[in-house]
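**Student:** As input, take entry.txt (compact mmCIF, C-alpha atoms):
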```txt
# COMPACT_ATOMS: atom_id res chain seq x y z
CA MET N 24 74.50 29.39 63.02
CA GLN N 25 75.21 32.81 61.42
CA ILE N 26 77.43 33.54 58.44
CA SER N 27 76.68 37.17 57.46
CA THR N 28 77.11 38.38 61.06
CA ASN N 29 80.23 37.06 62.74
CA LEU N 30 79.54 37.65 66.44
CA ASN N 31 82.82 36.13 67.51
CA ALA N 32 84.73 38.50 65.26
CA LEU N 33 82.72 41.50 66.49
CA ASN N 34 83.38 40.62 70.11
CA ALA N 35 87.08 40.19 69.37
CA VAL N 36 87.21 43.59 67.64
CA LYS N 37 85.45 45.18 70.60
CA ALA N 38 87.97 43.60 72.96
CA ILE N 39 90.84 44.89 70.79
CA TYR N 40 89.45 48.44 70.88
CA SER N 41 89.06 48.24 74.66
CA ALA N 42 92.57 46.85 75.12
CA ASN N 43 94.08 49.51 72.86
CA ALA N 44 92.30 52.23 74.87
CA ASN N 45 93.70 50.80 78.09
CA ILE N 46 97.17 50.56 76.56
CA SER N 47 96.97 54.16 75.39
CA GLN N 48 95.85 55.41 78.80
CA ALA N 49 98.46 53.42 80.73
CA SER N 50 101.21 54.49 78.31
CA GLU N 51 100.21 58.14 78.62
CA ARG N 52 100.19 57.99 82.43
CA ILE N 53 103.56 56.25 82.53
CA SER N 54 105.00 58.80 80.08
CA THR N 55 103.69 61.93 81.86
CA GLY N 56 103.76 60.58 85.40
CA LEU N 57 100.21 61.91 85.84
CA ARG N 58 97.03 59.98 86.54
CA ILE N 59 94.91 62.87 85.26
CA ASN N 60 96.02 64.24 81.89
CA ARG N 61 92.67 65.70 80.85
CA ALA N 62 89.41 66.55 82.58
CA SER N 63 87.70 63.41 81.29
CA ASP N 64 90.15 61.22 83.22
CA ASP N 65 88.63 62.33 86.57
CA PRO N 66 86.47 65.49 86.43
CA THR N 67 85.90 65.70 90.20
CA GLY N 68 89.48 64.87 91.07
CA LEU N 69 90.80 67.50 88.67
CA GLY N 70 88.60 70.17 90.27
CA ILE N 71 89.93 69.31 93.73
CA ALA N 72 93.51 69.21 92.44
CA ASN N 73 93.14 72.64 90.82
CA ARG N 74 91.94 74.15 94.10
CA LEU N 75 94.86 72.54 95.93
CA LYS N 76 97.28 73.86 93.30
CA THR N 77 95.91 77.38 93.77
CA GLN N 78 96.30 77.13 97.55
CA ILE N 79 99.86 75.85 97.20
CA GLY N 80 100.73 78.81 94.98
CA SER N 81 99.11 81.24 97.41
CA PHE N 82 100.99 79.87 100.42
CA THR N 83 104.23 80.00 98.43
CA LYS N 84 103.65 83.73 97.96
CA VAL N 85 102.86 84.05 101.66
CA LEU N 86 106.32 82.65 102.38
CA ASP N 87 107.82 85.39 100.19
CA ASN N 88 105.85 88.05 102.07
CA LEU N 89 106.92 86.68 105.43
CA ALA N 90 110.55 86.59 104.31
CA LEU N 91 110.37 90.29 103.46
CA GLY N 92 108.85 91.10 106.83
CA THR N 93 111.44 89.02 108.64
CA ALA N 94 114.24 90.76 106.77
CA ALA N 95 112.91 94.20 107.79
CA THR N 96 112.58 93.23 111.46
CA GLN N 97 116.05 91.69 111.40
CA ILE N 98 117.52 94.98 110.18
CA VAL N 99 115.88 96.78 113.10
CA ASP N 100 116.89 94.07 115.57
CA ASP N 101 120.54 94.18 114.49
CA SER N 102 120.54 97.99 114.58
CA LEU N 103 119.06 98.01 118.08
CA SER N 104 121.70 95.57 119.28
CA GLU N 105 124.40 97.90 117.97
CA MET N 106 122.74 100.85 119.68
CA VAL N 107 122.57 98.97 122.98
CA ASP N 108 126.30 98.30 122.71
CA ILE N 109 126.99 101.98 121.96
CA LEU N 110 124.90 103.08 124.92
CA GLY N 111 126.80 100.61 127.07
CA TYR N 112 130.10 102.24 126.05
CA MET N 113 128.60 105.66 126.78
CA ARG N 114 127.44 104.57 130.21
CA VAL N 115 130.90 103.26 131.08
CA ALA N 116 132.38 106.63 130.14
CA ALA N 117 129.72 108.54 132.10
CA VAL N 118 130.18 106.37 135.20
CA ALA N 119 133.93 106.90 135.01
CA ALA N 120 133.32 110.66 134.78
CA GLU N 121 131.28 110.60 138.01
CA SER N 122 134.55 110.36 139.92
CA THR N 123 135.59 113.66 141.51
CA THR N 124 139.28 112.83 141.13
CA LEU N 125 139.36 113.35 137.36
CA THR N 126 141.30 116.15 135.78
CA ALA N 127 139.80 118.50 133.21
CA SER N 128 141.78 116.67 130.54
CA ASP N 129 140.27 113.35 131.64
CA ARG N 130 136.77 114.76 131.42
CA THR N 131 137.47 116.17 127.97
CA GLY N 132 138.56 112.71 126.83
CA TYR N 133 135.40 111.08 128.14
CA GLN N 134 133.25 113.84 126.61
CA ASP N 135 134.90 113.42 123.22
CA ALA N 136 134.22 109.67 123.36
CA ILE N 137 130.58 110.22 124.30
CA ASP N 138 130.13 112.75 121.47
CA GLU N 139 131.49 110.19 118.98
CA TYR N 140 129.14 107.55 120.34
CA VAL N 141 126.16 109.87 119.94
CA ASP N 142 127.09 110.51 116.30
CA GLU N 143 127.34 106.75 115.79
CA LEU N 144 123.81 106.26 117.14
CA ASP N 145 122.41 108.49 114.41
CA SER N 146 124.62 106.82 111.81
CA ILE N 147 123.11 103.46 112.75
CA ALA N 148 119.61 104.93 112.45
CA ASP N 149 120.45 106.44 109.04
CA ASN N 150 121.60 103.06 107.71
CA ALA N 151 118.56 101.10 108.92
CA VAL N 152 116.82 101.21 105.55
CA TRP N 153 114.60 98.65 103.85
CA ASP N 154 113.76 98.99 100.16
CA GLY N 155 114.43 102.72 100.29
CA THR N 156 112.35 103.27 103.42
CA SER N 157 113.95 104.30 106.72
CA LEU N 158 113.00 102.01 109.57
CA MET N 159 114.41 104.13 112.42
CA ASN N 160 114.64 107.79 111.39
CA THR N 161 110.86 108.04 111.25
CA ALA N 162 107.98 106.06 112.69
CA SER N 163 106.39 103.76 110.11
CA SER N 164 104.37 100.59 109.70
CA MET N 165 104.36 97.62 107.35
CA THR N 166 101.44 95.30 106.64
CA ILE N 167 102.37 91.73 105.72
CA GLN N 168 99.95 89.41 103.91
CA SER N 169 100.61 86.46 106.20
CA GLY N 170 97.75 84.20 105.10
CA THR N 171 95.81 83.30 101.97
CA SER N 172 92.60 85.17 102.92
CA SER N 173 92.18 88.91 102.52
CA GLY N 174 92.08 89.53 106.27
CA ASP N 175 95.11 87.40 107.14
CA THR N 176 97.61 90.20 107.71
CA THR N 177 100.29 91.06 110.25
CA THR N 178 101.22 94.68 110.99
CA LEU N 179 104.76 95.65 111.95
CA ASN N 180 105.06 99.01 113.71
CA PHE N 181 108.50 100.63 113.60
CA ASP N 182 109.34 103.36 116.10
CA LYS N 183 111.54 106.37 115.53
CA ILE N 184 114.85 105.58 117.26
CA THR N 185 117.37 108.42 117.09
CA SER N 186 119.47 110.38 119.55
CA TYR N 187 116.64 112.93 119.69
CA SER N 188 113.88 110.38 120.31
CA LEU N 189 116.03 108.84 123.05
CA SER N 190 116.38 112.32 124.69
CA ILE N 191 120.14 112.22 124.18
CA GLU N 192 120.02 115.28 121.93
CA ASN N 193 117.63 118.22 121.89
CA SER N 194 115.69 119.41 118.84
CA SER N 195 118.59 121.57 117.70
CA GLY N 196 120.97 118.60 117.74
CA THR N 197 122.85 119.55 120.89
CA ASN N 198 124.24 116.63 122.89
CA LEU N 199 122.58 116.52 126.34
CA LEU N 200 125.13 114.12 127.79
CA SER N 201 127.67 116.26 129.57
CA VAL N 202 130.42 114.92 131.83
CA SER N 203 132.01 118.28 132.55
CA SER N 204 131.36 117.67 136.24
CA SER N 205 130.55 114.76 138.52
CA GLY N 206 126.94 115.93 138.85
CA ASN N 207 126.52 116.26 135.09
CA ALA N 208 127.98 112.79 134.64
CA THR N 209 125.42 111.39 137.09
CA SER N 210 122.63 113.04 135.09
CA ALA N 211 124.11 111.57 131.91
CA VAL N 212 124.02 108.10 133.42
CA GLY N 213 120.30 108.56 134.15
CA ILE N 214 119.58 109.67 130.57
CA ILE N 215 121.50 106.70 129.20
CA ASP N 216 119.66 104.28 131.47
CA ASP N 217 116.31 105.66 130.25
CA ALA N 218 117.47 105.25 126.64
CA LEU N 219 118.53 101.67 127.34
CA ASP N 220 115.12 100.93 128.86
CA THR N 221 113.46 102.30 125.71
CA LEU N 222 115.66 100.21 123.43
CA ASN N 223 115.20 97.04 125.48
CA GLU N 224 111.40 97.42 125.46
CA TYR N 225 111.34 98.09 121.71
CA GLN N 226 113.74 95.24 120.96
CA ALA N 227 111.46 92.89 122.92
CA TYR N 228 108.56 93.99 120.70
CA ILE N 229 110.64 93.39 117.53
CA GLY N 230 111.69 89.98 118.84
CA ALA N 231 108.07 89.04 119.52
CA LYS N 232 107.10 90.06 115.99
CA GLN N 233 109.94 87.95 114.60
CA ASN N 234 108.61 84.97 116.55
CA VAL N 235 105.13 85.58 115.15
CA LEU N 236 106.51 85.69 111.60
CA ASP N 237 108.48 82.48 112.25
CA VAL N 238 105.31 80.70 113.43
CA GLN N 239 103.40 81.93 110.39
CA ASN N 240 106.25 80.77 108.18
CA ASN N 241 106.06 77.28 109.73
CA VAL N 242 102.29 77.21 109.25
CA ALA N 243 102.62 78.18 105.57
CA ASN N 244 105.32 75.55 105.01
CA ASN N 245 103.17 72.88 106.67
CA MET N 246 100.18 73.83 104.51
CA ILE N 247 102.31 73.65 101.35
CA THR N 248 103.63 70.23 102.36
CA ASN N 249 100.24 68.78 103.28
CA GLN N 250 98.45 70.17 100.25
CA SER N 251 101.26 69.05 97.95
CA VAL N 252 100.86 65.52 99.29
CA ALA N 253 97.11 65.65 98.68
CA TYR N 254 97.65 67.08 95.19
CA GLY N 255 100.14 64.34 94.39
CA LYS N 256 97.79 61.60 95.52
CA ILE N 257 95.14 62.92 93.14
CA MET N 258 97.30 63.80 90.15
CA ASP N 259 100.32 61.50 90.22
CA ALA N 260 100.21 58.16 88.45
CA ASN N 261 100.95 54.96 90.38
CA MET N 262 103.75 53.63 88.21
CA ALA N 263 103.54 50.07 89.51
CA GLU N 264 99.78 49.98 88.95
CA GLU N 265 99.98 51.54 85.48
CA THR N 266 102.78 49.19 84.41
CA SER N 267 100.65 46.25 85.51
CA LYS N 268 97.64 47.62 83.63
CA LEU N 269 99.75 48.11 80.51
CA ALA N 270 100.98 44.50 80.58
CA ALA N 271 97.45 43.18 81.16
CA ALA N 272 96.03 45.29 78.32
CA GLN N 273 98.75 44.14 75.95
CA ILE N 274 97.97 40.50 76.79
CA GLN N 275 94.26 41.20 76.30
CA ARG N 276 94.92 42.81 72.90
CA ASP N 277 97.11 39.95 71.72
CA ALA N 278 94.54 37.40 72.85
CA ALA N 279 91.68 39.28 71.17
CA THR N 280 93.69 39.57 67.97
CA ALA N 281 94.30 35.84 68.00
CA MET N 282 90.60 35.17 68.55
CA LEU N 283 89.68 37.53 65.71
CA THR N 284 91.94 35.57 63.38
CA GLN N 285 90.44 32.34 64.68
CA SER N 286 86.85 33.50 64.23
CA LEU N 287 87.51 34.63 60.66
CA SER N 288 89.14 31.30 59.93
CA MET N 289 86.18 29.42 61.43
CA ASN N 290 83.67 31.27 59.18
CA LYS N 291 85.84 30.67 56.15
CA ASP N 292 86.02 26.97 56.90
CA LEU N 293 82.26 26.86 57.51
CA VAL N 294 81.47 28.53 54.17
CA THR N 295 83.86 26.19 52.36
CA PHE N 296 82.17 23.19 53.98
CA LEU N 297 78.66 24.41 53.09
CA LEU N 298 79.61 25.14 49.50
CA LYS N 299 81.25 21.74 49.16
CA SER N 300 78.17 20.01 50.64
CA THR N 301 75.84 21.93 48.33
CA PHE N 302 77.63 21.17 45.09
CA SER N 303 78.83 17.66 45.87
```
Starting from the file, lay out its structure as structure tokens.
**Tutor:**
Amino acid sequence: MQISTNLNALNAVKAIYSANANISQASERISTGLRINRASDDPTGLGIANRLKTQIGSFTKVLDNLALGTAATQIVDDSLSEMVDILGYMRVAAVAAESTTLTASDRTGYQDAIDEYVDELDSIADNAVWDGTSLMNTASSMTIQSGTSSGDTTTLNFDKITSYSLSIENSSGTNLLSVSSSGNATSAVGIIDDALDTLNEYQAYIGAKQNVLDVQNNVANNMITNQSVAYGKIMDANMAEETSKLAAAQIQRDAATAMLTQSLSMNKDLVTFLLKSTFS
């Protein structure tokens, strides 16, 4: 039997401290929604979560890069579609001018239409601009960071597409599509067909690059989703579990407090009894 050292009281105090620590931790996790609020909560888990967070941020930037690349290719794709339409109108006029029954006035009308169409081709090329850079008046390239590693890049090559590059005009800007005679009109049809072949081949390349960027965009989105799930499993608090822990810790604290009061009362009663026995 010990009087100077109250083991029951010490154990109760220890239990109270432990319960209060559990209450504090559960309350913090419920309040922040996080299982890990400081490195000491789970040092290894925090390290993994930080790496996942960095990867998520990197893939988010990759999505921005891919969006820029897609926007540039879409400008070219739309411009090429307009050019194909213009060349189609020009071909119709040239085919009509192949007829030997046309009057000089008819041929002049078709020639004027073709000249306007040629000017429109160059206008389309002039307006195909991305962030101040022409995508059709000169040949250029764009490198997209399409992954999180330094070598994960995609190169977009943009061709020069103008009336001159399509052999519709010469270097001095003279229109080579003449329908002044049936023979000239036939030659014009051949030039237009060659230009259409060039545009179709280039548009196929642009379309393939757009598909590549779309696939890379899907990959980046999937990585963000999967890594976000993994990050959440490490960092996020389980509210049901933490609420249960909080209730259990509160019960433990209340019970330990009651036992502390009881143990102090028991020692007091024991001392009173011993003193009474000694002096009776």
**Student:** For a test of reading the model, state the distance in Å between atom CA of N:Phe82 and atom CA of N:Asp154, rounded to one decimal.
**Tutor:**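 Distance reported for this atom pair: 23.0 Å.
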**Student:** List as CSV every residue of stretch 169-258 of chain N that is in contact with stretch 89-112 of chain N, defined as an atom at most 9 Å from one of its atoms (using all atoms listed in the file), together with the nearest atom pair and the distance in Å rounded to one decimal, sorted by chain and then rising number.
**Tutor:**
```
residue,atom,partner,partner_atom,distance
N:Ser169,CA,N:Leu89,CA,6.4
N:Leu179,CA,N:Gly92,CA,8.0
N:Phe181,CA,N:Val99,CA,8.3
N:Ile184,CA,N:Leu103,CA,8.7
N:Ile215,CA,N:Leu110,CA,6.6
N:Asp216,CA,N:Leu110,CA,8.5
N:Ala218,CA,N:Leu110,CA,7.9
N:Leu219,CA,N:Val107,CA,6.5
N:Leu222,CA,N:Leu103,CA,6.7
N:Asn223,CA,N:Val107,CA,8.0
N:Tyr225,CA,N:Leu103,CA,8.5
N:Gln226,CA,N:Asp100,CA,6.4
N:Ile229,CA,N:Thr96,CA,6.4
N:Gly230,CA,N:Asp100,CA,7.4
N:Lys232,CA,N:Thr96,CA,7.8
N:Gln233,CA,N:Thr93,CA,6.2
N:Leu236,CA,N:Leu89,CA,6.3
N:Asp237,CA,N:Thr93,CA,8.0
N:Gln239,CA,N:Leu89,CA,7.7
N:Asn240,CA,N:Leu89,CA,6.6
```
**Student:** Got time to write the residues from that selection, C-alpha atoms, as a tab-separated table (two decimals), in the coordinates of the input?
**Tutor:**
```
chain	number	residue	atom	x	y	z
N	169	SER	CA	100.61	86.46	106.20
N	179	LEU	CA	104.76	95.65	111.95
N	181	PHE	CA	108.50	100.63	113.60
N	184	ILE	CA	114.85	105.58	117.26
N	215	ILE	CA	121.50	106.70	129.20
N	216	ASP	CA	119.66	104.28	131.47
N	218	ALA	CA	117.47	105.25	126.64
N	219	LEU	CA	118.53	101.67	127.34
N	222	LEU	CA	115.66	100.21	123.43
N	223	ASN	CA	115.20	97.04	125.48
N	225	TYR	CA	111.34	98.09	121.71
N	226	GLN	CA	113.74	95.24	120.96
N	229	ILE	CA	110.64	93.39	117.53
N	230	GLY	CA	111.69	89.98	118.84
N	232	LYS	CA	107.10	90.06	115.99
N	233	GLN	CA	109.94	87.95	114.60
N	236	LEU	CA	106.51	85.69	111.60
N	237	ASP	CA	108.48	82.48	112.25
N	239	GLN	CA	103.40	81.93	110.39
N	240	ASN	CA	106.25	80.77	108.18
```
**Student:** What gap, in Å, lies between atom CA of N:Leu57 and atom CA of N:Thr266?
**Tutor:** 13.1 Å
**Student:** Atom CA of N:Ser157 and atom CA of N:Val238 are how many Å apart?
**Tutor:**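 Atom-to-atom, atom CA of N:Ser157 to atom CA of N:Val238, that is 26.0 Å.
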**Student:** Which is closest to N:Leu269 among N:Ala231, N:Ala49, N:Ala281, N:Met113, if we use only C-alpha atoms?
**Tutor:**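 When distances to N:Leu269 are compared using only C-alpha atoms, the smallest one comes from N:Ala49.
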**Student:** Given all atoms listed in the file as the basis, pick out the residue of N:Asn245, N:Ser54, N:Thr123, N:Thr177 nearest to N:Ser203.
**Tutor:**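 Smallest separation from N:Ser203 among the options: N:Thr123.
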**Student:** Quick one: of N:Ser50, N:Thr185, N:Asn241, N:Val202, who's nearest to N:Ala162, counting only C-alpha atoms?
**Tutor:**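 With only C-alpha atoms as the atom set, the closest residue is N:Thr185.
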**Student:** From the set N:Gln275, N:Ala211, N:Gln168, N:Ile257, which residue has the shortest atom-to-atom contact distance to N:Val85, counting all atoms listed in the file?
**Tutor:**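 Among the listed residues, the smallest separation from N:Val85 belongs to N:Gln168.
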**Student:** Ranking N:Ser63, N:Ile137, N:Ala116, N:Lys183 by minimum distance to N:Asp149 and counting all atoms listed in the file, which one comes first?
**Tutor:**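 The closest residue to N:Asp149 is N:Lys183.
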